[in-house]
>>> print(open('model_22.json').read())   # JSON, C-alpha atoms
[["chain", "number", "residue", "atom", "x", "y", "z"],
["A", 1347, "GLN", "CA", -52.83, -8.81, -57.09],
["A", 1348, "GLN", "CA", -54.10, -5.86, -59.04],
["A", 1349, "PRO", "CA", -52.85, -2.44, -57.90],
["A", 1350, "VAL", "CA", -55.50, 0.04, -56.82],
["A", 1351, "GLN", "CA", -55.72, 3.41, -58.51],
["A", 1352, "SER", "CA", -57.35, 6.53, -57.11],
["A", 1353, "PRO", "CA", -59.31, 8.50, -57.93],
["A", 1354, "GLN", "CA", -61.39, 6.50, -60.41],
["A", 1355, "ALA", "CA", -62.26, 9.63, -62.35],
["A", 1356, "VAL", "CA", -61.38, 13.31, -62.32],
["A", 1357, "ILE", "CA", -62.58, 16.34, -64.25],
["A", 1358, "LEU", "CA", -60.31, 19.35, -64.65],
["A", 1359, "ARG", "CA", -60.24, 22.71, -66.34],
["A", 1360, "GLU", "CA", -57.32, 23.50, -68.62],
["A", 1361, "GLY", "CA", -54.35, 24.66, -66.59],
["A", 1362, "GLU", "CA", -55.31, 22.82, -63.41],
["A", 1363, "ASP", "CA", -53.19, 20.13, -61.80],
["A", 1364, "ALA", "CA", -54.02, 16.52, -60.99],
["A", 1365, "VAL", "CA", -52.50, 13.65, -59.05],
["A", 1366, "ILE", "CA", -53.24, 10.00, -59.75],
["A", 1367, "ASN", "CA", -52.22, 7.40, -57.21],
["A", 1368, "CYS", "CA", -51.34, 3.73, -57.58],
["A", 1369, "SER", "CA", -51.04, 1.45, -54.59],
["A", 1370, "SER", "CA", -49.98, -2.18, -54.43],
["A", 1371, "SER", "CA", -50.13, -4.78, -51.68],
["A", 1372, "LYS", "CA", -47.05, -6.52, -53.09],
["A", 1373, "ALA", "CA", -43.42, -5.47, -53.16],
["A", 1374, "LEU", "CA", -42.66, -3.64, -56.38],
["A", 1375, "TYR", "CA", -39.63, -3.51, -58.62],
["A", 1376, "SER", "CA", -41.04, -0.97, -61.05],
["A", 1377, "VAL", "CA", -44.13, 1.07, -61.83],
["A", 1378, "HIS", "CA", -45.13, 1.93, -65.39],
["A", 1379, "TRP", "CA", -47.60, 4.65, -66.34],
["A", 1380, "TYR", "CA", -49.65, 4.69, -69.55],
["A", 1381, "ARG", "CA", -52.35, 6.88, -71.04],
["A", 1382, "GLN", "CA", -55.01, 5.45, -73.32],
["A", 1383, "LYS", "CA", -57.41, 7.46, -75.42],
["A", 1384, "HIS", "CA", -60.68, 5.95, -76.55],
["A", 1385, "GLY", "CA", -60.17, 3.46, -79.37],
["A", 1386, "GLU", "CA", -56.39, 3.71, -79.21],
["A", 1387, "ALA", "CA", -53.55, 1.69, -77.71],
["A", 1388, "PRO", "CA", -52.00, 2.63, -74.36],
["A", 1389, "VAL", "CA", -49.13, 5.08, -74.76],
["A", 1390, "PHE", "CA", -46.07, 4.84, -72.52],
["A", 1391, "LEU", "CA", -45.59, 7.83, -70.22],
["A", 1392, "MET", "CA", -43.08, 6.91, -67.56],
["A", 1393, "ILE", "CA", -41.30, 4.08, -65.82],
["A", 1394, "LEU", "CA", -40.04, 4.28, -62.25],
["A", 1395, "LEU", "CA", -37.55, 1.69, -61.11],
["A", 1396, "LYS", "CA", -36.57, 0.51, -57.67],
["A", 1397, "GLY", "CA", -33.52, 2.48, -56.69],
["A", 1398, "GLY", "CA", -34.78, 5.76, -58.05],
["A", 1399, "GLU", "CA", -34.18, 5.63, -61.78],
["A", 1400, "GLN", "CA", -36.92, 7.25, -63.89],
["A", 1401, "LYS", "CA", -37.53, 7.46, -67.59],
["A", 1402, "GLY", "CA", -40.35, 9.31, -69.26],
["A", 1403, "HIS", "CA", -41.77, 12.48, -70.68],
["A", 1404, "GLU", "CA", -40.47, 15.88, -69.62],
["A", 1405, "LYS", "CA", -43.85, 17.41, -68.85],
["A", 1406, "ILE", "CA", -45.05, 14.58, -66.66],
["A", 1407, "SER", "CA", -43.54, 13.65, -63.34],
["A", 1408, "ALA", "CA", -44.08, 10.82, -60.92],
["A", 1409, "SER", "CA", -42.89, 9.48, -57.63],
["A", 1410, "PHE", "CA", -42.30, 5.96, -56.38],
["A", 1411, "ASN", "CA", -42.28, 5.11, -52.70],
["A", 1412, "GLU", "CA", -40.75, 1.63, -52.56],
["A", 1413, "LYS", "CA", -41.44, 1.13, -48.87],
["A", 1414, "LYS", "CA", -45.12, 1.95, -49.18],
["A", 1415, "GLN", "CA", -45.43, 0.26, -52.60],
["A", 1416, "GLN", "CA", -47.07, 3.38, -53.95],
["A", 1417, "SER", "CA", -46.61, 5.61, -56.95],
["A", 1418, "SER", "CA", -48.17, 8.92, -57.89],
["A", 1419, "LEU", "CA", -48.41, 10.57, -61.31],
["A", 1420, "TYR", "CA", -48.40, 14.37, -61.36],
["A", 1421, "LEU", "CA", -50.05, 16.20, -64.22],
["A", 1422, "THR", "CA", -49.37, 19.92, -64.05],
["A", 1423, "ALA", "CA", -50.95, 22.72, -66.08],
["A", 1424, "SER", "CA", -53.23, 20.19, -67.78],
["A", 1425, "GLN", "CA", -54.03, 20.51, -71.45],
["A", 1426, "LEU", "CA", -56.99, 19.19, -73.42],
["A", 1427, "SER", "CA", -54.69, 16.52, -74.85],
["A", 1428, "TYR", "CA", -54.20, 15.06, -71.38],
["A", 1429, "SER", "CA", -57.73, 13.63, -71.45],
["A", 1430, "GLY", "CA", -57.87, 9.86, -71.42],
["A", 1431, "THR", "CA", -57.60, 6.89, -69.11],
["A", 1432, "TYR", "CA", -54.41, 6.52, -67.11],
["A", 1433, "PHE", "CA", -53.16, 3.10, -66.09],
["A", 1434, "CYS", "CA", -50.41, 2.10, -63.76],
["A", 1435, "GLY", "CA", -48.73, -1.23, -64.38],
["A", 1436, "THR", "CA", -46.59, -2.90, -61.76],
["A", 1437, "ALA", "CA", -43.80, -5.45, -61.93],
["A", 1438, "GLY", "CA", -42.66, -7.38, -58.89],
["A", 1439, "SER", "CA", -39.27, -8.33, -60.23],
["A", 1440, "GLY", "CA", -36.59, -7.17, -62.64],
["A", 1441, "ASN", "CA", -38.47, -8.99, -65.38],
["A", 1442, "THR", "CA", -40.86, -6.28, -66.48],
["A", 1443, "GLY", "CA", -42.39, -8.30, -69.29],
["A", 1444, "LYS", "CA", -45.33, -9.10, -67.02],
["A", 1445, "LEU", "CA", -47.22, -6.02, -65.92],
["A", 1446, "ILE", "CA", -50.22, -6.11, -63.64],
["A", 1447, "PHE", "CA", -52.40, -3.11, -64.39],
["A", 1448, "GLY", "CA", -54.68, -1.09, -62.16],
["A", 1449, "GLN", "CA", -58.29, -0.50, -63.11],
["A", 1450, "GLY", "CA", -57.53, 2.89, -64.62],
["A", 1451, "THR", "CA", -58.29, 6.53, -63.83],
["A", 1452, "THR", "CA", -60.36, 8.51, -66.31],
["A", 1453, "LEU", "CA", -59.23, 12.10, -66.71],
["A", 1454, "GLN", "CA", -61.29, 14.67, -68.55],
["A", 1455, "VAL", "CA", -59.88, 18.13, -69.21],
["A", 1456, "LYS", "CA", -62.39, 20.79, -70.17],
["A", 1457, "PRO", "CA", -61.71, 24.15, -71.83],
["F", 919, "LYS", "CA", -38.30, 3.20, -86.14],
["F", 920, "ALA", "CA", -41.58, 1.57, -87.00],
["F", 921, "GLY", "CA", -43.87, 0.84, -84.09],
["F", 922, "VAL", "CA", -45.45, -2.40, -83.00],
["F", 923, "THR", "CA", -47.79, -3.78, -85.63],
["F", 924, "GLN", "CA", -50.64, -6.21, -85.12],
["F", 925, "THR", "CA", -52.70, -8.07, -87.65],
["F", 926, "PRO", "CA", -55.52, -8.33, -88.26],
["F", 927, "ARG", "CA", -56.96, -5.18, -86.69],
["F", 928, "TYR", "CA", -60.51, -6.55, -86.55],
["F", 929, "LEU", "CA", -61.81, -10.07, -86.48],
["F", 930, "ILE", "CA", -65.26, -11.63, -86.18],
["F", 931, "LYS", "CA", -65.55, -15.29, -85.29],
["F", 932, "THR", "CA", -68.24, -17.64, -84.03],
["F", 933, "ARG", "CA", -68.22, -19.72, -80.89],
["F", 934, "GLY", "CA", -66.13, -22.86, -81.15],
["F", 935, "GLN", "CA", -63.80, -21.54, -83.82],
["F", 936, "GLN", "CA", -60.15, -20.80, -83.29],
["F", 937, "VAL", "CA", -58.19, -17.67, -84.09],
["F", 938, "THR", "CA", -54.55, -16.66, -84.56],
["F", 939, "LEU", "CA", -53.35, -13.12, -83.95],
["F", 940, "SER", "CA", -49.98, -11.79, -85.05],
["F", 941, "CYS", "CA", -47.63, -9.21, -83.55],
["F", 942, "SER", "CA", -44.45, -7.73, -85.03],
["F", 943, "PRO", "CA", -42.36, -5.97, -82.38],
["F", 944, "ILE", "CA", -40.23, -2.89, -82.78],
["F", 945, "SER", "CA", -36.94, -3.77, -84.46],
["F", 946, "GLY", "CA", -34.42, -4.92, -81.89],
["F", 947, "HIS", "CA", -36.97, -5.68, -79.20],
["F", 948, "ARG", "CA", -36.76, -9.26, -78.00],
["F", 949, "SER", "CA", -39.61, -9.33, -75.49],
["F", 950, "VAL", "CA", -43.23, -9.54, -76.59],
["F", 951, "SER", "CA", -46.08, -9.50, -74.08],
["F", 952, "TRP", "CA", -49.77, -10.08, -74.75],
["F", 953, "TYR", "CA", -52.68, -8.52, -72.89],
["F", 954, "GLN", "CA", -56.45, -8.84, -73.05],
["F", 955, "GLN", "CA", -58.51, -5.70, -72.50],
["F", 956, "THR", "CA", -62.22, -5.78, -71.71],
["F", 957, "PRO", "CA", -64.50, -3.16, -70.14],
["F", 958, "GLY", "CA", -65.21, -5.41, -67.17],
["F", 959, "GLN", "CA", -61.80, -6.85, -66.39],
["F", 960, "GLY", "CA", -59.52, -4.12, -67.69],
["F", 961, "LEU", "CA", -56.02, -4.91, -68.93],
["F", 962, "GLN", "CA", -55.01, -8.46, -68.08],
["F", 963, "PHE", "CA", -51.67, -10.10, -68.76],
["F", 964, "LEU", "CA", -51.75, -13.21, -70.93],
["F", 965, "PHE", "CA", -48.12, -14.21, -71.48],
["F", 966, "GLU", "CA", -44.66, -12.95, -72.37],
["F", 967, "TYR", "CA", -42.12, -14.37, -74.77],
["F", 968, "PHE", "CA", -38.43, -13.65, -74.82],
["F", 969, "SER", "CA", -35.99, -15.24, -77.26],
["F", 970, "GLU", "CA", -38.63, -17.75, -78.40],
["F", 971, "THR", "CA", -39.33, -18.93, -74.82],
["F", 972, "GLN", "CA", -42.38, -18.24, -72.73],
["F", 973, "ARG", "CA", -41.02, -16.36, -69.76],
["F", 974, "ASN", "CA", -44.21, -15.42, -67.95],
["F", 975, "LYS", "CA", -47.77, -16.65, -68.02],
["F", 976, "GLY", "CA", -50.98, -15.12, -66.71],
["F", 977, "ASN", "CA", -54.08, -16.80, -65.34],
["F", 978, "PHE", "CA", -55.83, -17.75, -68.54],
["F", 979, "PRO", "CA", -57.07, -21.20, -69.56],
["F", 980, "GLY", "CA", -55.02, -23.45, -71.80],
["F", 981, "ARG", "CA", -57.14, -22.42, -74.78],
["F", 982, "PHE", "CA", -54.90, -19.37, -74.94],
["F", 983, "SER", "CA", -51.45, -20.11, -76.27],
["F", 984, "GLY", "CA", -48.66, -18.31, -78.01],
["F", 985, "ARG", "CA", -45.28, -18.59, -79.57],
["F", 986, "GLN", "CA", -42.42, -16.45, -80.72],
["F", 987, "PHE", "CA", -40.27, -16.87, -83.79],
["F", 988, "SER", "CA", -36.56, -16.33, -84.24],
["F", 989, "ASN", "CA", -37.21, -12.84, -85.68],
["F", 990, "SER", "CA", -39.11, -11.96, -82.45],
["F", 991, "ARG", "CA", -42.48, -11.88, -84.19],
["F", 992, "SER", "CA", -45.13, -13.47, -82.03],
["F", 993, "GLU", "CA", -48.48, -15.13, -82.50],
["F", 994, "MET", "CA", -51.19, -15.94, -80.06],
["F", 995, "ASN", "CA", -53.87, -18.55, -80.62],
["F", 996, "VAL", "CA", -57.23, -18.97, -78.98],
["F", 997, "SER", "CA", -59.01, -22.25, -79.54],
["F", 998, "THR", "CA", -62.66, -23.13, -78.98],
["F", 999, "LEU", "CA", -63.71, -19.51, -78.80],
["F", 1000, "GLU", "CA", -66.27, -18.42, -76.21],
["F", 1001, "LEU", "CA", -68.42, -15.29, -76.15],
["F", 1002, "GLY", "CA", -66.34, -14.00, -73.24],
["F", 1003, "ASP", "CA", -63.23, -14.00, -75.38],
["F", 1004, "SER", "CA", -64.51, -10.91, -77.17],
["F", 1005, "ALA", "CA", -61.93, -8.27, -76.34],
["F", 1006, "LEU", "CA", -59.16, -6.03, -77.55],
["F", 1007, "TYR", "CA", -55.95, -8.05, -77.67],
["F", 1008, "LEU", "CA", -52.84, -5.94, -77.29],
["F", 1009, "CYS", "CA", -49.26, -6.90, -77.72],
["F", 1010, "ALA", "CA", -46.36, -4.87, -76.39],
["F", 1011, "SER", "CA", -42.67, -5.11, -77.15],
["F", 1012, "SER", "CA", -39.73, -4.19, -74.98],
["F", 1013, "PRO", "CA", -35.97, -4.07, -75.49],
["F", 1014, "THR", "CA", -35.40, -6.02, -72.28],
["F", 1015, "ASN", "CA", -36.68, -5.41, -68.78],
["F", 1016, "ASN", "CA", -37.75, -1.95, -69.72],
["F", 1017, "GLU", "CA", -40.72, 0.09, -70.81],
["F", 1018, "GLN", "CA", -43.24, -1.68, -73.02],
["F", 1019, "PHE", "CA", -44.59, -0.19, -76.23],
["F", 1020, "PHE", "CA", -48.06, -1.26, -77.27],
["F", 1021, "GLY", "CA", -49.38, -2.04, -80.71],
["F", 1022, "PRO", "CA", -52.80, -0.85, -81.94],
["F", 1023, "GLY", "CA", -54.46, -4.11, -80.93],
["F", 1024, "THR", "CA", -56.73, -6.65, -82.56],
["F", 1025, "ARG", "CA", -60.43, -6.26, -81.83],
["F", 1026, "LEU", "CA", -61.92, -9.76, -81.62],
["F", 1027, "THR", "CA", -65.68, -10.23, -81.63],
["F", 1028, "VAL", "CA", -67.09, -13.68, -80.94],
["F", 1029, "LEU", "CA", -70.69, -14.27, -82.02]]
>>> encode(input="model_22.json", output="structure tokens")
Amino acid sequence: QQPVQSPQAVILREGEDAVINCSSSKALYSVHWYRQKHGEAPVFLMILLKGGEQKGHEKISASFNEKKQQSSLYLTASQLSYSGTYFCGTAGSGNTGKLIFGQGTTLQVKP
Amino acid sequence: KAGVTQTPRYLIKTRGQQVTLSCSPISGHRSVSWYQQTPGQGLQFLFEYFSETQRNKGNFPGRFSGRQFSNSRSEMNVSTLELGDSALYLCASSPTNNEQFFGPGTRLTVL
């Protein structure tokens, strides 16, 4: 089943913070976060693995609550370049070749 | 390292035709996954290949097929095209059970 992302859209001013949530009804092995700008391919941001391992960009952080099957992406001191659509992709097993993506959260950062 | 490359970037076909899309993964990556992206359905998983074997399959009809070669390059084929097959087709490569890196995609338009 498709994970549910919230909010669907958010508008920020430069320097403000945002949190994007991803919730699944199935047990998760890993959560992957991507950002996609219009007309471009999704860009990898972060992967969170069961057991606590994380890999990703320094300026972006995320959490993964395995018991609640939820993940949150934290964007602090947002910049104009953060604008885009954020997707979470979930994998239910150690084989992460199959990701089920949420519907996306559109983030717009204004000057 | 060069990124994931996909060819062609744009394609226009008519209903009933068939199409073959190509994906060259990042050097050393053995897993290639394919996704379909449409405004209505979002990012949907098609299939994943690892070491020339299909390891995962999504919920798409048999008209969608793929294969992987010994050099990890992958192709996907869609036969008997329908209007609803118009989409951005993305491939992503991964070292193994890890983050996926997306190519620029092939924009398919079916008339």
>>> residues_near_point(input="model_22.json", point="(-62.6, 18.4, -63.2)", cutoff="7 Å", atoms="only C-alpha atoms", output="compact mmCIF listing (two decimals) with C-alpha atoms, keeping the file's coordinate frame")
# COMPACT_ATOMS: atom_id res chain seq x y z
CA VAL A 1356 -61.38 13.31 -62.32
CA ILE A 1357 -62.58 16.34 -64.25
CA LEU A 1358 -60.31 19.35 -64.65
CA ARG A 1359 -60.24 22.71 -66.34
CA GLN A 1454 -61.29 14.67 -68.55
CA VAL A 1455 -59.88 18.13 -69.21
>>> closest_residue(input="model_22.json", among="A:Ser1429, A:Ser1417, A:Ser1352, A:Gln1347", to="chain F", atoms="all atoms listed in the file")
A:Gln1347
>>> residues_near_point(input="model_22.json", point="(-52.5, -10.5, -75.5)", cutoff="10 Å", atoms="all atoms listed in the file", output="JSON list (two decimals) with C-alpha atoms, keeping the file's coordinate frame")
[["chain", "number", "residue", "atom", "x", "y", "z"],
["F", 939, "LEU", "CA", -53.35, -13.12, -83.95],
["F", 940, "SER", "CA", -49.98, -11.79, -85.05],
["F", 941, "CYS", "CA", -47.63, -9.21, -83.55],
["F", 950, "VAL", "CA", -43.23, -9.54, -76.59],
["F", 951, "SER", "CA", -46.08, -9.50, -74.08],
["F", 952, "TRP", "CA", -49.77, -10.08, -74.75],
["F", 953, "TYR", "CA", -52.68, -8.52, -72.89],
["F", 954, "GLN", "CA", -56.45, -8.84, -73.05],
["F", 955, "GLN", "CA", -58.51, -5.70, -72.50],
["F", 961, "LEU", "CA", -56.02, -4.91, -68.93],
["F", 962, "GLN", "CA", -55.01, -8.46, -68.08],
["F", 963, "PHE", "CA", -51.67, -10.10, -68.76],
["F", 964, "LEU", "CA", -51.75, -13.21, -70.93],
["F", 965, "PHE", "CA", -48.12, -14.21, -71.48],
["F", 966, "GLU", "CA", -44.66, -12.95, -72.37],
["F", 982, "PHE", "CA", -54.90, -19.37, -74.94],
["F", 983, "SER", "CA", -51.45, -20.11, -76.27],
["F", 984, "GLY", "CA", -48.66, -18.31, -78.01],
["F", 993, "GLU", "CA", -48.48, -15.13, -82.50],
["F", 994, "MET", "CA", -51.19, -15.94, -80.06],
["F", 995, "ASN", "CA", -53.87, -18.55, -80.62],
["F", 1005, "ALA", "CA", -61.93, -8.27, -76.34],
["F", 1006, "LEU", "CA", -59.16, -6.03, -77.55],
["F", 1007, "TYR", "CA", -55.95, -8.05, -77.67],
["F", 1008, "LEU", "CA", -52.84, -5.94, -77.29],
["F", 1009, "CYS", "CA", -49.26, -6.90, -77.72],
["F", 1010, "ALA", "CA", -46.36, -4.87, -76.39],
["F", 1023, "GLY", "CA", -54.46, -4.11, -80.93],
["F", 1024, "THR", "CA", -56.73, -6.65, -82.56]]
>>> atom_distance(input="model_22.json", atom1="atom CA of A:Glu1412", atom2="atom CA of F:Tyr967")
27.4 Å
>>> closest_atom_pairs(input="model_22.json", of="chain A", to="chain F", cutoff="8 Å", atoms="all atoms listed in the file", output="CSV")
residue,atom,partner,partner_atom,distance
A:His1378,CA,F:Glu1017,CA,7.2
A:Glu1386,CA,F:Pro1022,CA,6.4
A:Ala1387,CA,F:Pro1022,CA,5.0
A:Pro1388,CA,F:Phe1020,CA,6.3
A:Val1389,CA,F:Phe1020,CA,6.9
A:Phe1390,CA,F:Phe1019,CA,6.4
A:Met1392,CA,F:Glu1017,CA,7.9
A:Ile1393,CA,F:Glu1017,CA,6.4
A:Gly1440,CA,F:Asn1015,CA,6.4
A:Asn1441,CA,F:Asn1015,CA,5.3
A:Thr1442,CA,F:Asn1015,CA,4.8
A:Gly1443,CA,F:Glu966,CA,6.0
A:Lys1444,CA,F:Asn974,CA,6.5
A:Leu1445,CA,F:Phe963,CA,6.7
A:Ile1446,CA,F:Phe963,CA,6.7
A:Phe1447,CA,F:Leu961,CA,6.1
A:Gly1448,CA,F:Leu961,CA,7.9
A:Gln1449,CA,F:Gly960,CA,6.0
A:Gly1450,CA,F:Gly960,CA,7.9
>>> write_last_selection(input="model_22.json", atoms="C-alpha atoms", output="PDB file, in the frame of the given file")
ATOM      1  CA  HIS A1378     -45.130   1.930 -65.390  1.00  0.00           C
ATOM      2  CA  GLU A1386     -56.390   3.710 -79.210  1.00  0.00           C
ATOM      3  CA  ALA A1387     -53.550   1.690 -77.710  1.00  0.00           C
ATOM      4  CA  PRO A1388     -52.000   2.630 -74.360  1.00  0.00           C
ATOM      5  CA  VAL A1389     -49.130   5.080 -74.760  1.00  0.00           C
ATOM      6  CA  PHE A1390     -46.070   4.840 -72.520  1.00  0.00           C
ATOM      7  CA  MET A1392     -43.080   6.910 -67.560  1.00  0.00           C
ATOM      8  CA  ILE A1393     -41.300   4.080 -65.820  1.00  0.00           C
ATOM      9  CA  GLY A1440     -36.590  -7.170 -62.640  1.00  0.00           C
ATOM     10  CA  ASN A1441     -38.470  -8.990 -65.380  1.00  0.00           C
ATOM     11  CA  THR A1442     -40.860  -6.280 -66.480  1.00  0.00           C
ATOM     12  CA  GLY A1443     -42.390  -8.300 -69.290  1.00  0.00           C
ATOM     13  CA  LYS A1444     -45.330  -9.100 -67.020  1.00  0.00           C
ATOM     14  CA  LEU A1445     -47.220  -6.020 -65.920  1.00  0.00           C
ATOM     15  CA  ILE A1446     -50.220  -6.110 -63.640  1.00  0.00           C
ATOM     16  CA  PHE A1447     -52.400  -3.110 -64.390  1.00  0.00           C
ATOM     17  CA  GLY A1448     -54.680  -1.090 -62.160  1.00  0.00           C
ATOM     18  CA  GLN A1449     -58.290  -0.500 -63.110  1.00  0.00           C
ATOM     19  CA  GLY A1450     -57.530   2.890 -64.620  1.00  0.00           C
TER      20      GLY A1450
END
>>> closest_residue(input="model_22.json", among="A:Ser1370, A:Val1377, A:Gln1348, A:Asp1363", to="A:Leu1453", atoms="only C-alpha atoms")
A:Asp1363
>>> residues_around(input="model_22.json", residues="F:Leu1026", least_positions_apart="5", cutoff="9 Å", atoms="all atoms listed in the file", output="list of chain:residue names")
F:Arg927, F:Tyr928, F:Leu929, F:Ile930, F:Lys931, F:Asp1003, F:Ser1004, F:Ala1005, F:Leu1006, F:Tyr1007
>>> atom_distance(input="model_22.json", atom1="atom CA of F:Asn989", atom2="atom CA of F:Thr923")
13.9 Å
>>> atom_distance(input="model_22.json", atom1="atom CA of A:Gly1385", atom2="atom CA of F:Leu1029")
20.8 Å
>>> closest_residue(input="model_22.json", among="A:Gln1354, A:Tyr1375, A:His1384, A:Lys1456", to="A:Asn1411", atoms="all atoms listed in the file")
A:Tyr1375
>>> decode(input="model_22.json", residues="stretch 921-929 of chain F", atoms="all heavy atoms", output="PDB file, in the first residue's frame")
ATOM      1  N   GLY F 921      26.377   9.584 -14.270  1.00  0.00           N
ATOM      2  CA  GLY F 921      25.104   9.221 -13.674  1.00  0.00           C
ATOM      3  C   GLY F 921      24.356   8.211 -14.514  1.00  0.00           C
ATOM      4  O   GLY F 921      24.871   7.685 -15.501  1.00  0.00           O
ATOM      5  N   VAL F 922      23.124   7.970 -14.135  1.00  0.00           N
ATOM      6  CA  VAL F 922      22.259   7.065 -14.879  1.00  0.00           C
ATOM      7  C   VAL F 922      21.840   7.751 -16.179  1.00  0.00           C
ATOM      8  O   VAL F 922      21.454   8.926 -16.142  1.00  0.00           O
ATOM      9  CB  VAL F 922      21.015   6.703 -14.056  1.00  0.00           C
ATOM     10  CG1 VAL F 922      20.098   5.790 -14.849  1.00  0.00           C
ATOM     11  CG2 VAL F 922      21.415   6.059 -12.730  1.00  0.00           C
ATOM     12  N   THR F 923      21.941   7.049 -17.274  1.00  0.00           N
ATOM     13  CA  THR F 923      21.520   7.628 -18.546  1.00  0.00           C
ATOM     14  C   THR F 923      20.358   6.826 -19.114  1.00  0.00           C
ATOM     15  O   THR F 923      20.286   5.599 -18.943  1.00  0.00           O
ATOM     16  CB  THR F 923      22.672   7.665 -19.567  1.00  0.00           C
ATOM     17  OG1 THR F 923      23.155   6.332 -19.774  1.00  0.00           O
ATOM     18  CG2 THR F 923      23.813   8.531 -19.069  1.00  0.00           C
ATOM     19  N   GLN F 924      19.441   7.557 -19.752  1.00  0.00           N
ATOM     20  CA  GLN F 924      18.286   6.916 -20.365  1.00  0.00           C
ATOM     21  C   GLN F 924      18.130   7.423 -21.788  1.00  0.00           C
ATOM     22  O   GLN F 924      18.309   8.608 -22.058  1.00  0.00           O
ATOM     23  CB  GLN F 924      17.002   7.224 -19.575  1.00  0.00           C
ATOM     24  CG  GLN F 924      16.963   6.569 -18.217  1.00  0.00           C
ATOM     25  CD  GLN F 924      15.614   6.768 -17.532  1.00  0.00           C
ATOM     26  OE1 GLN F 924      15.526   7.435 -16.501  1.00  0.00           O
ATOM     27  NE2 GLN F 924      14.576   6.173 -18.098  1.00  0.00           N
ATOM     28  N   THR F 925      17.806   6.525 -22.672  1.00  0.00           N
ATOM     29  CA  THR F 925      17.554   6.910 -24.055  1.00  0.00           C
ATOM     30  C   THR F 925      16.323   6.195 -24.579  1.00  0.00           C
ATOM     31  O   THR F 925      16.041   5.056 -24.168  1.00  0.00           O
ATOM     32  CB  THR F 925      18.753   6.549 -24.961  1.00  0.00           C
ATOM     33  OG1 THR F 925      19.036   5.152 -24.844  1.00  0.00           O
ATOM     34  CG2 THR F 925      19.974   7.369 -24.592  1.00  0.00           C
ATOM     35  N   PRO F 926      15.535   6.805 -25.467  1.00  0.00           N
ATOM     36  CA  PRO F 926      15.658   8.229 -25.803  1.00  0.00           C
ATOM     37  C   PRO F 926      15.096   9.106 -24.694  1.00  0.00           C
ATOM     38  O   PRO F 926      14.499   8.585 -23.748  1.00  0.00           O
ATOM     39  CB  PRO F 926      14.847   8.325 -27.085  1.00  0.00           C
ATOM     40  CG  PRO F 926      13.761   7.306 -26.890  1.00  0.00           C
ATOM     41  CD  PRO F 926      14.398   6.160 -26.145  1.00  0.00           C
ATOM     42  N   ARG F 927      15.238  10.392 -24.760  1.00  0.00           N
ATOM     43  CA  ARG F 927      14.668  11.274 -23.743  1.00  0.00           C
ATOM     44  C   ARG F 927      13.204  11.560 -24.036  1.00  0.00           C
ATOM     45  O   ARG F 927      12.407  11.741 -23.116  1.00  0.00           O
ATOM     46  CB  ARG F 927      15.455  12.580 -23.698  1.00  0.00           C
ATOM     47  CG  ARG F 927      16.885  12.421 -23.193  1.00  0.00           C
ATOM     48  CD  ARG F 927      16.924  12.042 -21.696  1.00  0.00           C
ATOM     49  NE  ARG F 927      16.061  12.885 -20.906  1.00  0.00           N
ATOM     50  CZ  ARG F 927      16.396  14.087 -20.466  1.00  0.00           C
ATOM     51  NH1 ARG F 927      17.590  14.587 -20.737  1.00  0.00           N
ATOM     52  NH2 ARG F 927      15.547  14.792 -19.727  1.00  0.00           N
ATOM     53  N   TYR F 928      12.837  11.622 -25.284  1.00  0.00           N
ATOM     54  CA  TYR F 928      11.451  11.877 -25.678  1.00  0.00           C
ATOM     55  C   TYR F 928      11.056  10.920 -26.789  1.00  0.00           C
ATOM     56  O   TYR F 928      11.878  10.573 -27.637  1.00  0.00           O
ATOM     57  CB  TYR F 928      11.288  13.326 -26.166  1.00  0.00           C
ATOM     58  CG  TYR F 928      11.681  14.352 -25.130  1.00  0.00           C
ATOM     59  CD1 TYR F 928      12.984  14.844 -25.085  1.00  0.00           C
ATOM     60  CD2 TYR F 928      10.759  14.820 -24.204  1.00  0.00           C
ATOM     61  CE1 TYR F 928      13.350  15.783 -24.130  1.00  0.00           C
ATOM     62  CE2 TYR F 928      11.116  15.758 -23.238  1.00  0.00           C
ATOM     63  CZ  TYR F 928      12.416  16.226 -23.213  1.00  0.00           C
ATOM     64  OH  TYR F 928      12.774  17.140 -22.257  1.00  0.00           O
ATOM     65  N   LEU F 929       9.796  10.544 -26.737  1.00  0.00           N
ATOM     66  CA  LEU F 929       9.302   9.560 -27.707  1.00  0.00           C
ATOM     67  C   LEU F 929       7.823   9.809 -27.952  1.00  0.00           C
ATOM     68  O   LEU F 929       7.056  10.012 -27.006  1.00  0.00           O
ATOM     69  CB  LEU F 929       9.508   8.171 -27.119  1.00  0.00           C
ATOM     70  CG  LEU F 929       9.703   6.946 -28.001  1.00  0.00           C
ATOM     71  CD1 LEU F 929      10.752   7.198 -29.073  1.00  0.00           C
ATOM     72  CD2 LEU F 929      10.128   5.774 -27.133  1.00  0.00           C
TER      73      LEU F 929
END
